[in-house]
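Participant: Structure file query06.cif (mmCIF, C-alpha atoms) right here:
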data_coords
#
loop_
_atom_site.label_atom_id
_atom_site.label_comp_id
_atom_site.auth_asym_id
_atom_site.auth_seq_id
_atom_site.Cartn_x
_atom_site.Cartn_y
_atom_site.Cartn_z
CA MET U 8 -123.07 -83.63 -102.05
CA THR U 9 -124.93 -86.92 -102.43
CA PHE U 10 -126.89 -89.00 -99.94
CA PRO U 11 -125.64 -90.99 -98.21
CA ALA U 12 -122.67 -88.65 -98.33
CA PRO U 13 -119.10 -89.87 -97.86
CA ILE U 14 -118.15 -89.58 -94.20
CA PRO U 15 -114.62 -88.19 -93.78
CA THR U 16 -113.01 -89.55 -90.61
CA SER U 17 -109.35 -88.68 -91.20
CA ARG U 18 -107.76 -86.19 -88.83
CA ARG U 19 -107.08 -83.82 -91.73
CA ALA U 20 -110.73 -83.87 -92.83
CA ILE U 21 -111.96 -83.30 -89.28
CA ILE U 22 -109.64 -80.32 -88.87
CA HIS U 23 -110.99 -78.86 -92.13
CA MET U 24 -114.52 -79.28 -90.80
CA ALA U 25 -113.67 -77.78 -87.41
CA ILE U 26 -111.73 -74.68 -88.49
CA PRO U 27 -114.77 -72.79 -89.92
CA ILE U 28 -116.70 -73.63 -86.74
CA ILE U 29 -113.88 -72.35 -84.55
CA LEU U 30 -113.70 -69.12 -86.54
CA ALA U 31 -117.49 -68.74 -86.42
CA ASN U 32 -117.50 -69.34 -82.65
CA ALA U 33 -114.79 -66.74 -82.19
CA ALA U 34 -116.84 -64.26 -84.21
CA VAL U 35 -119.86 -64.58 -81.88
CA PRO U 36 -118.50 -62.25 -79.15
CA LEU U 37 -117.63 -59.69 -81.83
CA LEU U 38 -121.32 -58.83 -82.15
CA GLY U 39 -121.37 -57.53 -78.59
CA LEU U 40 -117.97 -55.91 -78.96
CA VAL U 41 -119.08 -54.05 -82.09
CA ASP U 42 -122.17 -52.72 -80.33
CA THR U 43 -120.13 -51.64 -77.31
CA ALA U 44 -117.37 -50.03 -79.38
CA VAL U 45 -119.78 -48.02 -81.52
CA ILE U 46 -121.97 -46.83 -78.65
CA GLY U 47 -118.81 -45.88 -76.77
CA HIS U 48 -118.39 -42.97 -79.17
CA SER U 49 -121.53 -41.38 -77.73
CA ASP U 50 -119.73 -40.57 -74.45
CA ASN U 51 -122.86 -41.71 -72.63
CA ALA U 52 -122.12 -44.12 -69.78
CA ALA U 53 -125.81 -45.01 -69.40
CA ALA U 54 -125.96 -46.00 -73.08
CA VAL U 55 -122.95 -48.29 -72.71
CA GLY U 56 -124.51 -49.84 -69.60
CA ALA U 57 -127.82 -50.31 -71.42
CA ILE U 58 -126.14 -52.20 -74.25
CA ALA U 59 -124.32 -54.42 -71.75
CA LEU U 60 -127.53 -55.14 -69.83
CA GLY U 61 -129.68 -55.65 -72.92
CA SER U 62 -127.14 -57.92 -74.60
CA LEU U 63 -126.88 -60.00 -71.43
CA ILE U 64 -130.65 -60.53 -71.38
CA PHE U 65 -130.77 -61.70 -75.00
CA SER U 66 -127.68 -63.89 -74.59
CA PHE U 67 -129.27 -65.63 -71.61
CA VAL U 68 -132.65 -66.11 -73.33
CA TYR U 69 -131.19 -67.34 -76.62
CA TRP U 70 -128.75 -69.68 -74.87
CA GLY U 71 -131.74 -71.34 -73.23
CA PHE U 72 -133.08 -72.17 -76.70
CA GLY U 73 -129.78 -73.57 -77.96
CA PHE U 74 -131.49 -76.95 -78.27
CA LEU U 75 -132.87 -75.73 -81.60
CA ARG U 76 -129.35 -75.87 -82.97
CA MET U 77 -128.18 -79.01 -81.16
CA GLY U 78 -131.23 -81.16 -81.75
CA THR U 79 -131.40 -80.20 -85.42
CA SER U 80 -127.79 -81.13 -86.14
CA GLY U 81 -128.28 -84.64 -84.76
CA PHE U 82 -131.53 -85.36 -86.60
CA THR U 83 -130.13 -83.91 -89.83
CA ALA U 84 -126.88 -85.88 -89.66
CA GLN U 85 -128.67 -89.16 -89.02
CA ALA U 86 -131.03 -88.59 -91.95
CA ALA U 87 -128.09 -87.65 -94.19
CA GLY U 88 -126.19 -90.76 -93.13
CA ALA U 89 -129.20 -92.91 -93.97
CA GLY U 90 -129.53 -91.26 -97.38
CA ASP U 91 -133.02 -89.97 -96.58
CA HIS U 92 -133.37 -86.74 -98.58
CA THR U 93 -136.90 -86.10 -97.46
CA GLU U 94 -136.16 -86.50 -93.76
CA VAL U 95 -133.22 -84.08 -93.97
CA ARG U 96 -135.56 -81.41 -95.27
CA SER U 97 -138.35 -82.44 -92.89
CA ALA U 98 -136.07 -82.22 -89.83
CA PHE U 99 -135.08 -78.73 -90.89
CA ILE U 100 -138.66 -77.54 -91.43
CA ARG U 101 -139.77 -78.94 -88.04
CA ALA U 102 -136.94 -77.10 -86.29
CA LEU U 103 -137.56 -73.96 -88.34
CA LEU U 104 -141.26 -73.86 -87.48
CA LEU U 105 -140.50 -74.53 -83.82
CA GLY U 106 -137.88 -71.75 -83.72
CA ILE U 107 -140.17 -69.22 -85.39
CA ALA U 108 -143.04 -70.19 -83.07
CA ILE U 109 -140.90 -69.73 -79.96
CA GLY U 110 -139.65 -66.42 -81.34
CA LEU U 111 -143.20 -65.20 -81.83
CA VAL U 112 -144.07 -66.23 -78.27
CA LEU U 113 -141.12 -64.17 -77.03
CA VAL U 114 -142.37 -61.18 -79.02
CA ILE U 115 -145.86 -61.55 -77.59
CA ALA U 116 -144.54 -62.08 -74.05
CA GLN U 117 -141.90 -59.34 -74.25
CA TYR U 118 -143.36 -57.29 -71.41
CA PRO U 119 -143.42 -60.02 -68.72
CA VAL U 120 -140.05 -61.33 -69.96
CA GLY U 121 -138.59 -57.83 -69.71
CA ALA U 122 -140.14 -57.22 -66.29
CA LEU U 123 -138.62 -60.46 -64.96
CA ALA U 124 -135.22 -59.68 -66.48
CA PHE U 125 -135.03 -56.18 -65.03
CA TRP U 126 -136.24 -57.49 -61.66
CA LEU U 127 -133.34 -59.96 -61.59
CA LEU U 128 -130.71 -57.54 -62.92
CA ASP U 129 -129.88 -54.30 -61.18
CA GLY U 130 -129.12 -51.10 -63.04
CA SER U 131 -129.55 -47.38 -62.64
CA VAL U 132 -132.80 -45.76 -63.74
CA ALA U 133 -131.13 -44.29 -66.84
CA VAL U 134 -129.52 -47.62 -67.78
CA GLU U 135 -132.74 -49.59 -67.34
CA GLN U 136 -134.77 -47.10 -69.35
CA SER U 137 -132.34 -47.27 -72.25
CA ALA U 138 -132.10 -51.06 -71.93
CA GLN U 139 -135.89 -51.27 -72.16
CA ASP U 140 -135.77 -49.26 -75.38
CA TYR U 141 -133.09 -51.63 -76.68
CA MET U 142 -135.11 -54.69 -75.77
CA ALA U 143 -138.37 -53.31 -77.21
CA ILE U 144 -136.72 -53.05 -80.64
CA ARG U 145 -134.44 -56.07 -80.70
CA ILE U 146 -137.07 -58.54 -79.43
CA TRP U 147 -138.66 -58.40 -82.90
CA GLY U 148 -135.63 -60.28 -84.17
CA ALA U 149 -136.36 -63.32 -81.98
CA PRO U 150 -138.16 -65.32 -84.72
CA ALA U 151 -135.25 -64.67 -87.11
CA THR U 152 -132.57 -65.55 -84.55
CA LEU U 153 -134.22 -68.77 -83.41
CA GLY U 154 -135.04 -69.67 -87.02
CA THR U 155 -131.36 -69.18 -87.82
CA TYR U 156 -130.54 -71.72 -85.10
CA ALA U 157 -132.40 -74.30 -87.20
CA ILE U 158 -130.37 -73.25 -90.26
CA ILE U 159 -127.09 -73.50 -88.36
CA GLY U 160 -128.00 -76.90 -86.91
CA THR U 161 -128.81 -78.19 -90.38
CA LEU U 162 -125.54 -76.88 -91.81
CA ILE U 163 -123.55 -78.55 -89.03
CA GLY U 164 -125.49 -81.80 -89.39
CA LEU U 165 -124.73 -81.86 -93.12
CA GLY U 166 -121.08 -81.01 -92.48
CA GLN U 167 -121.42 -77.72 -94.38
CA THR U 168 -119.38 -75.79 -91.82
CA ARG U 169 -118.15 -73.14 -94.24
CA GLY U 170 -121.74 -72.01 -94.61
CA LEU U 171 -121.86 -71.48 -90.85
CA LEU U 172 -118.77 -69.28 -91.00
CA TRP U 173 -120.18 -67.18 -93.86
CA LEU U 174 -123.44 -66.67 -91.97
CA GLN U 175 -121.62 -65.46 -88.87
CA LEU U 176 -119.39 -63.11 -90.87
CA LEU U 177 -122.46 -61.82 -92.68
CA LEU U 178 -124.25 -61.11 -89.41
CA ASN U 179 -121.29 -59.26 -87.93
CA GLY U 180 -120.47 -57.36 -91.11
CA ILE U 181 -123.99 -56.05 -91.65
CA ASN U 182 -124.35 -55.26 -87.96
CA LEU U 183 -121.12 -53.23 -88.01
CA LEU U 184 -122.16 -51.18 -91.03
CA LEU U 185 -125.64 -50.48 -89.66
CA ASP U 186 -124.30 -49.61 -86.21
CA VAL U 187 -121.95 -47.04 -87.69
CA PHE U 188 -124.71 -45.55 -89.85
CA PHE U 189 -127.45 -45.43 -87.20
CA VAL U 190 -125.30 -44.35 -84.25
CA ILE U 191 -122.44 -42.28 -85.65
CA VAL U 192 -124.19 -40.81 -88.71
CA LEU U 193 -127.80 -40.52 -87.52
CA ASP U 194 -127.03 -40.31 -83.77
CA TRP U 195 -129.79 -42.77 -82.78
CA SER U 196 -127.75 -44.09 -79.82
CA VAL U 197 -129.13 -47.24 -78.14
CA ARG U 198 -132.13 -47.45 -80.46
CA GLY U 199 -129.75 -47.38 -83.42
CA ILE U 200 -127.73 -50.27 -82.00
CA ALA U 201 -130.88 -52.32 -81.43
CA LEU U 202 -132.25 -51.53 -84.91
CA GLY U 203 -128.94 -52.41 -86.57
CA THR U 204 -128.83 -55.78 -84.79
CA LEU U 205 -132.49 -56.43 -85.62
CA ILE U 206 -132.01 -55.79 -89.34
CA ALA U 207 -128.79 -57.85 -89.40
CA GLU U 208 -130.57 -60.79 -87.74
CA TRP U 209 -133.39 -60.79 -90.30
CA ILE U 210 -131.03 -60.44 -93.27
CA CYS U 211 -128.91 -63.30 -91.91
CA PHE U 212 -132.03 -65.45 -91.49
CA ILE U 213 -133.38 -64.73 -94.98
CA LEU U 214 -130.06 -65.22 -96.80
CA GLY U 215 -129.18 -68.26 -94.68
CA GLY U 216 -132.54 -69.82 -95.50
CA ALA U 217 -132.10 -69.05 -99.19
CA MET U 218 -128.64 -70.63 -99.15
CA LEU U 219 -129.95 -73.77 -97.48
CA PHE U 220 -132.94 -74.07 -99.82
CA ALA U 221 -130.61 -73.72 -102.81
CA PHE U 222 -128.49 -76.51 -101.36
CA PHE U 223 -131.57 -78.69 -100.92
CA ARG U 224 -132.61 -78.02 -104.51
CA SER U 225 -129.19 -79.03 -105.81
CA THR U 226 -129.19 -82.32 -103.90
CA SER U 227 -132.86 -83.29 -104.17
CA PRO U 228 -133.58 -86.20 -106.51
CA SER U 229 -137.17 -85.04 -106.95
CA PRO U 230 -137.38 -81.21 -106.84
CA ASP U 231 -141.04 -81.32 -107.86
CA ASN U 232 -141.87 -83.06 -104.56
CA PHE U 233 -139.64 -80.90 -102.41
CA PHE U 234 -141.59 -81.08 -99.15
CA PHE U 235 -143.78 -83.88 -97.91
CA TRP U 236 -145.94 -82.16 -95.34
CA LYS U 237 -147.43 -85.44 -94.16
CA LYS U 238 -143.94 -86.49 -93.11
CA ILE U 239 -143.03 -83.09 -91.71
CA LEU U 240 -146.15 -83.09 -89.54
CA GLN U 241 -145.93 -86.77 -88.66
CA ARG U 242 -147.03 -87.14 -85.05
CA ALA U 243 -144.24 -89.50 -83.96
CA ALA U 244 -141.54 -87.30 -85.51
CA ILE U 245 -142.90 -84.15 -83.90
CA ILE U 246 -143.14 -85.83 -80.48
CA ASN U 247 -139.58 -87.16 -80.82
CA THR U 248 -138.33 -83.70 -81.83
CA LEU U 249 -140.05 -81.99 -78.90
CA LYS U 250 -138.94 -84.64 -76.42
CA THR U 251 -135.30 -84.56 -77.51
CA ASN U 252 -135.21 -80.75 -77.57
CA THR U 253 -136.84 -80.53 -74.14
CA ASP U 254 -134.22 -82.89 -72.69
CA ILE U 255 -131.42 -80.86 -74.29
CA MET U 256 -132.97 -77.67 -72.91
CA TRP U 257 -132.86 -79.12 -69.39
CA ARG U 258 -129.26 -80.21 -69.99
CA THR U 259 -128.37 -76.64 -70.98
CA LEU U 260 -130.13 -75.16 -67.95
CA PHE U 261 -128.31 -77.55 -65.61
CA LEU U 262 -125.01 -76.56 -67.24
CA LEU U 263 -125.87 -72.88 -66.89
CA THR U 264 -126.74 -73.48 -63.24
CA GLY U 265 -123.33 -75.05 -62.66
CA PHE U 266 -121.47 -72.02 -64.00
CA GLY U 267 -123.84 -69.73 -62.14
CA TRP U 268 -123.14 -71.64 -58.92
CA PHE U 269 -119.41 -71.17 -59.45
CA THR U 270 -119.85 -67.41 -59.91
CA ASN U 271 -122.16 -67.14 -56.92
CA GLN U 272 -119.70 -68.98 -54.70
CA SER U 273 -116.88 -66.78 -56.00
CA ALA U 274 -118.79 -63.68 -54.92
CA GLN U 275 -118.78 -64.90 -51.32
CA PHE U 276 -115.00 -64.46 -51.19
CA GLY U 277 -115.17 -60.75 -52.01
CA ASP U 278 -114.86 -58.55 -55.06
CA THR U 279 -111.17 -59.26 -55.66
CA ILE U 280 -111.51 -63.03 -55.94
CA LEU U 281 -114.78 -62.66 -57.87
CA ALA U 282 -112.98 -60.51 -60.44
CA ALA U 283 -110.01 -62.89 -60.57
CA ASN U 284 -112.23 -65.92 -61.11
CA HIS U 285 -114.16 -64.03 -63.79
CA ILE U 286 -110.95 -63.37 -65.72
CA LEU U 287 -110.01 -67.05 -65.54
CA LEU U 288 -113.49 -68.01 -66.74
CA GLN U 289 -112.83 -65.91 -69.84
CA PHE U 290 -109.81 -68.11 -70.55
CA ILE U 291 -112.03 -71.18 -70.21
CA SER U 292 -114.65 -69.62 -72.50
CA PHE U 293 -111.99 -68.84 -75.08
CA SER U 294 -110.77 -72.43 -75.02
CA ALA U 295 -114.35 -73.56 -75.64
CA PHE U 296 -114.26 -71.88 -79.07
CA PHE U 297 -111.65 -74.43 -80.14
CA LEU U 298 -112.93 -77.52 -78.35
CA ASP U 299 -116.49 -76.84 -79.48
CA GLY U 300 -115.25 -76.81 -83.06
CA PHE U 301 -114.20 -80.45 -82.86
CA ALA U 302 -117.31 -81.37 -80.89
CA PHE U 303 -119.57 -79.77 -83.53
CA ALA U 304 -117.75 -81.65 -86.28
CA LEU U 305 -118.19 -84.84 -84.30
CA GLU U 306 -121.94 -84.22 -84.07
CA SER U 307 -122.17 -84.46 -87.85
CA LEU U 308 -119.88 -87.47 -88.12
CA VAL U 309 -121.57 -89.43 -85.34
CA GLY U 310 -125.04 -88.68 -86.64
CA LYS U 311 -124.12 -89.80 -90.15
CA THR U 312 -122.49 -93.03 -88.98
CA ILE U 313 -125.51 -93.82 -86.82
CA GLY U 314 -127.85 -93.08 -89.73
CA GLY U 315 -125.74 -95.35 -91.91
CA ARG U 316 -125.57 -98.04 -89.19
CA ASN U 317 -121.78 -98.14 -89.51
CA ARG U 318 -120.14 -98.91 -86.15
CA PRO U 319 -116.51 -99.16 -87.46
CA LEU U 320 -116.81 -95.71 -89.00
CA PHE U 321 -118.46 -94.47 -85.79
CA ASP U 322 -115.43 -95.67 -83.80
CA ARG U 323 -112.97 -94.21 -86.29
CA ALA U 324 -114.65 -90.79 -86.25
CA ILE U 325 -114.61 -90.62 -82.45
CA ILE U 326 -110.98 -91.76 -82.17
CA SER U 327 -109.69 -89.30 -84.79
CA SER U 328 -111.67 -86.34 -83.44
CA THR U 329 -110.77 -87.06 -79.81
CA GLN U 330 -107.07 -87.32 -80.63
CA ILE U 331 -107.16 -83.87 -82.24
CA ALA U 332 -109.24 -82.39 -79.41
CA ALA U 333 -106.82 -83.77 -76.80
CA ILE U 334 -103.84 -82.24 -78.62
CA CYS U 335 -105.73 -78.94 -78.91
CA ALA U 336 -106.53 -78.96 -75.18
CA LEU U 337 -102.89 -79.62 -74.38
CA GLY U 338 -101.80 -76.76 -76.64
CA LEU U 339 -104.30 -74.39 -75.03
CA THR U 340 -103.07 -75.39 -71.58
CA ILE U 341 -99.45 -74.76 -72.52
CA CYS U 342 -100.43 -71.35 -73.92
CA MET U 343 -102.18 -70.51 -70.64
CA PHE U 344 -99.03 -71.28 -68.67
CA ILE U 345 -96.83 -69.27 -71.05
CA PHE U 346 -99.07 -66.26 -71.74
CA GLY U 347 -101.60 -66.43 -68.90
CA SER U 348 -99.92 -63.95 -66.56
CA ALA U 349 -99.41 -61.37 -69.30
CA LEU U 350 -103.04 -61.70 -70.41
CA ILE U 351 -104.26 -61.33 -66.83
CA ASN U 352 -102.26 -58.14 -66.44
CA ALA U 353 -103.63 -56.83 -69.74
CA LEU U 354 -107.24 -57.56 -68.77
CA ASN U 355 -107.11 -55.89 -65.35
CA PRO U 356 -104.71 -53.20 -64.06
CA LEU U 357 -105.36 -53.81 -60.34
CA ILE U 358 -102.43 -55.56 -58.67
CA ALA U 359 -104.56 -57.42 -56.11
CA ILE U 360 -106.77 -58.93 -58.81
CA GLN U 361 -103.75 -59.81 -60.94
CA GLN U 362 -102.12 -61.64 -58.05
CA GLU U 363 -105.23 -63.63 -57.21
CA ALA U 364 -105.85 -64.59 -60.84
CA GLN U 365 -102.24 -65.65 -61.31
CA HIS U 366 -102.40 -67.69 -58.12
CA TYR U 367 -105.37 -69.72 -59.40
CA LEU U 368 -104.29 -69.81 -63.06
CA VAL U 369 -103.03 -73.38 -62.70
CA TYR U 370 -106.50 -74.60 -61.78
CA ALA U 371 -108.06 -72.97 -64.84
CA ALA U 372 -105.33 -74.54 -66.98
CA VAL U 373 -106.00 -78.00 -65.53
CA TYR U 374 -109.72 -77.49 -66.17
CA VAL U 375 -109.04 -76.73 -69.85
CA LEU U 376 -106.68 -79.70 -70.16
CA LEU U 377 -109.30 -82.13 -68.86
CA SER U 378 -112.37 -80.56 -70.43
CA PHE U 379 -111.95 -81.96 -73.94
CA ALA U 380 -113.51 -85.29 -72.90
CA ALA U 381 -116.76 -83.59 -71.85
CA PHE U 382 -116.88 -81.60 -75.10
CA GLN U 383 -116.31 -84.73 -77.19
CA LEU U 384 -118.98 -86.72 -75.39
CA ASP U 385 -121.40 -83.81 -75.78
CA GLY U 386 -120.77 -83.94 -79.52
CA ILE U 387 -121.29 -87.70 -79.60
CA PHE U 388 -124.59 -87.64 -77.72
CA ILE U 389 -125.92 -84.59 -79.60
CA GLY U 390 -125.16 -86.34 -82.89
CA ALA U 391 -126.93 -89.44 -81.57
CA THR U 392 -129.91 -87.29 -80.38
CA ARG U 393 -129.68 -88.94 -76.94
CA GLY U 394 -131.23 -85.99 -75.14
CA ARG U 395 -132.41 -87.96 -72.12
CA ASP U 396 -128.91 -89.30 -71.42
CA MET U 397 -127.50 -85.79 -71.71
CA ARG U 398 -130.16 -84.41 -69.37
CA ASP U 399 -129.56 -87.05 -66.71
CA ALA U 400 -125.76 -86.85 -66.96
CA SER U 401 -125.90 -83.06 -66.67
CA LEU U 402 -128.04 -83.26 -63.55
CA PHE U 403 -125.86 -85.90 -61.88
CA SER U 404 -122.64 -83.99 -62.61
CA LEU U 405 -124.21 -80.78 -61.26
CA LEU U 406 -125.12 -82.54 -58.02
CA ILE U 407 -121.56 -83.88 -57.76
CA PHE U 408 -120.18 -80.36 -58.26
CA VAL U 409 -122.45 -78.80 -55.64
CA ALA U 410 -121.66 -81.58 -53.15
CA ALA U 411 -117.92 -81.24 -53.77
CA ALA U 412 -118.07 -77.45 -53.36
CA TRP U 413 -120.13 -77.82 -50.19
CA LEU U 414 -117.41 -80.07 -48.71
CA LEU U 415 -114.29 -78.33 -50.03
CA VAL U 416 -115.08 -74.60 -49.89
CA PRO U 417 -115.35 -74.37 -46.09
CA VAL U 418 -111.99 -76.13 -45.81
CA ALA U 419 -109.97 -74.70 -48.69
CA GLY U 420 -111.83 -71.55 -49.74
CA ASN U 421 -111.42 -70.51 -53.37
CA GLN U 422 -108.91 -73.27 -53.93
CA GLY U 423 -111.55 -75.77 -52.87
CA LEU U 424 -114.03 -74.13 -55.25
CA TRP U 425 -111.66 -74.54 -58.18
CA ILE U 426 -110.97 -78.17 -57.27
CA ALA U 427 -114.73 -78.78 -57.18
CA PHE U 428 -115.05 -77.02 -60.56
CA ILE U 429 -112.41 -79.33 -62.05
CA MET U 430 -114.27 -82.28 -60.56
CA TYR U 431 -117.37 -80.93 -62.27
CA VAL U 432 -115.93 -81.11 -65.79
CA ILE U 433 -114.57 -84.58 -65.03
CA ALA U 434 -117.98 -85.65 -63.72
CA ARG U 435 -119.64 -84.32 -66.89
CA ALA U 436 -117.48 -86.67 -68.94
CA LEU U 437 -117.81 -89.66 -66.60
CA CYS U 438 -121.58 -89.37 -66.28
CA LEU U 439 -121.98 -89.31 -70.05
CA GLY U 440 -119.36 -92.04 -70.40
CA ILE U 441 -121.56 -94.39 -68.41
CA TYR U 442 -124.14 -94.26 -71.20
CA PHE U 443 -121.61 -94.59 -74.03
CA PRO U 444 -121.34 -98.42 -74.20
CA ARG U 445 -125.11 -98.70 -74.56
CA LEU U 446 -125.08 -96.07 -77.31
CA ARG U 447 -122.29 -97.82 -79.20
CA LYS U 448 -123.96 -101.20 -78.86
CA SER U 449 -127.16 -99.84 -80.41
CA ILE U 450 -125.35 -99.28 -83.73
CA ASP U 451 -125.70 -102.49 -85.76
#
Now, as a test, write the supplied structure out as structure tokens.
Facilitator:
Amino acid sequence: MTFPAPIPTSRRAIIHMAIPIILANAAVPLLGLVDTAVIGHSDNAAAVGAIALGSLIFSFVYWGFGFLRMGTSGFTAQAAGAGDHTEVRSAFIRALLLGIAIGLVLVIAQYPVGALAFWLLDGSVAVEQSAQDYMAIRIWGAPATLGTYAIIGTLIGLGQTRGLLWLQLLLNGINLLLDVFFVIVLDWSVRGIALGTLIAEWICFILGGAMLFAFFRSTSPSPDNFFFWKKILQRAAIINTLKTNTDIMWRTLFLLTGFGWFTNQSAQFGDTILAANHILLQFISFSAFFLDGFAFALESLVGKTIGGRNRPLFDRAIISSTQIAAICALGLTICMFIFGSALINALNPLIAIQQEAQHYLVYAAVYVLLSFAAFQLDGIFIGATRGRDMRDASLFSLLIFVAAAWLLVPVAGNQGLWIAFIMYVIARALCLGIYFPRLRKSID
């Protein structure tokens, strides 16, 4: 790869970029499934509950720091598009240092973080005790996990999506082997699961870093001057990195609040509808694996075209990627209509829940069909590092969703909630779309 690297904007090239991301995304839930499957052999319900509770805590915390991945991909892609070798490496080191620093803070603050988490989440005494053991071990992997976010963001920004897939497969493969050894062979139960995940996270971080440094060495025109610390620690660059990442963090929290609001409102209709809506949300989450793949690829393409100041190529990349994403969304929607009822029945044996989920399946399908626009615009604005626009659009769309739910739920119940939820994903696209002409115009 040379800088500025050729920017592939054909539909075939975008699909080739997206497929490894889709596979890597689909592999993410396997980490939790592996832990659950292995610990299930212990015949200890409290241990299974502890893994579920502990994994939920780490998923929530790490999701909040997803800006380390998103911000890094945009800065990296723009530097690559401009042919700036040094800035590509500098952007990575800034994100890496920030991720490790946040991870160390989490390690230091593990007791108050744990106390808050267990105060918010209810579990039996046995489950919480085991979950605390799990957290006390796995928290030491926070610097590695958040450092890996910087590695992943850099790989996506450079368009090296196969590296992302190999990292995810490495993490899951090592975790599986260690889980089997620690739990089934040594009978270390929850502590074994936590230790296996911890070791896998550090190995993934070390090997991922080594892979990325080797890539930098192979593409650097001046390997003797590999890092310019004056540029890495440049005040303006650090402030811009922190500002953009803070805005993206708020965007993520607003998005999380929107989905939390939907779940909270669902709970008001009783356990049956709550369970039915939860099943349908799994369909939406599954569709996100695919749509995120094209959005991640677009992050790299948009960043590179902005770095290269190439508006025609910027337009071509967006058009090609959006066409593919729209076709993918349509295919996913058709699959939901064809296989949705069978999948609902497979996921839950209770007739009442099956009937409710099947009744509202059409709304989840419409949501998926229309959601590709929001995913695409997210990819565009992440690649452009327009964190403030993303933050504001996320807040405005959340307010629209809450207002729509407040008006529709009393009148139409769960149907009104789903309509408001569909309006939410439309609002996410429209609110970002308002800023798009200004973004496009800024590319000379």
Participant: Please determine, counting all atoms listed in the file, which residue among U:Val68, U:Val95, U:Ala332, U:Leu153 has the shortest atom-to-atom distance to Phe212 (chain U).
Facilitator: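 Of all the options, U:Leu153 lies closest to Phe212 (chain U).
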Participant: So the first atom is CA of Val416 (chain U) and the second is CA of Ala372 (chain U); what is the distance between them in Å, to one decimal place?
Facilitator: 19.7 Å
Participant: Between CA of Met343 (chain U) and CA of Leu368 (chain U), what is the distance, to one decimal in Å?
Facilitator: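 CA of Leu368 (chain U) lies at a distance of 7.9 Å from CA of Met343 (chain U).
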Participant: Which residues are near region 16-26 of chain U? Cut-off 8 Å, all atoms listed in the file, ignore same chain within fewer than 2 positions. Put them as a count of residues only.
Facilitator: 19
Participant: I want to know what sits within 9 Å of Val35 (chain U), based on all atoms listed in the file, with residues of the same chain fewer than 4 positions away left out; could you give that as a list of chain:residue names?
Facilitator: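 With the cut-off at 9 Å, the set is U:Leu30, U:Ala31, U:Gly39, U:Gln175, U:Asn179.
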Participant: Rank nothing, just name the residue among U:Thr161, U:Thr253, U:Gln117, U:Ser294 nearest to Ala336 (chain U), using all atoms listed in the file.
Facilitator: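 Closest to Ala336 (chain U) of all the choices is U:Ser294.
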Participant: Could you check the closest approach to Val373 (chain U) for each of U:Trp126, U:Trp147, U:Tyr442, U:Phe290 and tell me which residue wins, using all atoms listed in the file?
Facilitator: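 Closest to Val373 (chain U) of all the choices is U:Phe290.
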Participant: Quick one: everything within 12 Å of Val112 (chain U), counting only C-alpha atoms, minus sequence neighbours fewer than 3 positions away in the same chain. Send it as a PDB file with C-alpha atoms, in the frame of the given file.
Facilitator:
ATOM      1  CA  LEU U 105    -140.500 -74.530 -83.820  1.00  0.00           C
ATOM      2  CA  GLY U 106    -137.880 -71.750 -83.720  1.00  0.00           C
ATOM      3  CA  ILE U 107    -140.170 -69.220 -85.390  1.00  0.00           C
ATOM      4  CA  ALA U 108    -143.040 -70.190 -83.070  1.00  0.00           C
ATOM      5  CA  ILE U 109    -140.900 -69.730 -79.960  1.00  0.00           C
ATOM      6  CA  ILE U 115    -145.860 -61.550 -77.590  1.00  0.00           C
ATOM      7  CA  ALA U 116    -144.540 -62.080 -74.050  1.00  0.00           C
ATOM      8  CA  GLN U 117    -141.900 -59.340 -74.250  1.00  0.00           C
ATOM      9  CA  TYR U 118    -143.360 -57.290 -71.410  1.00  0.00           C
ATOM     10  CA  PRO U 119    -143.420 -60.020 -68.720  1.00  0.00           C
ATOM     11  CA  VAL U 120    -140.050 -61.330 -69.960  1.00  0.00           C
ATOM     12  CA  ILE U 146    -137.070 -58.540 -79.430  1.00  0.00           C
ATOM     13  CA  TRP U 147    -138.660 -58.400 -82.900  1.00  0.00           C
ATOM     14  CA  GLY U 148    -135.630 -60.280 -84.170  1.00  0.00           C
ATOM     15  CA  ALA U 149    -136.360 -63.320 -81.980  1.00  0.00           C
ATOM     16  CA  PRO U 150    -138.160 -65.320 -84.720  1.00  0.00           C
ATOM     17  CA  LEU U 153    -134.220 -68.770 -83.410  1.00  0.00           C
TER      18      LEU U 153
END
Participant: Quick one, how far is CA of Leu75 (chain U) from CA of Ala157 (chain U)?
Facilitator: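 Atom-to-atom, CA of Leu75 (chain U) and CA of Ala157 (chain U) are spaced 5.8 Å apart.
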Participant: For region 378-393 of chain U, please output as number ranges by chain all residues within 6 Å (counting only C-alpha atoms; exclusion window: fewer than 5 positions along the same chain).
Facilitator: U: 81, 302-303, 305-306, 309-310, 432, 435-436
Participant: Give me, as a list in words, all polymer residues having an atom no more than 7 Å from Gly199 (chain U), counting only C-alpha atoms and skipping those fewer than 5 positions away in the same chain.
Facilitator: Asp186, Phe189 and Val190 of chain U
Participant: Next, the residues of the selection above should be written as an mmCIF file, in the frame of the given file with C-alpha atoms.
Facilitator:
data_model
loop_
_atom_site.group_PDB
_atom_site.id
_atom_site.type_symbol
_atom_site.label_atom_id
_atom_site.label_comp_id
_atom_site.auth_asym_id
_atom_site.auth_seq_id
_atom_site.Cartn_x
_atom_site.Cartn_y
_atom_site.Cartn_z
ATOM 1 C CA ASP U 186 -124.300 -49.610 -86.210
ATOM 2 C CA PHE U 189 -127.450 -45.430 -87.200
ATOM 3 C CA VAL U 190 -125.300 -44.350 -84.250
#
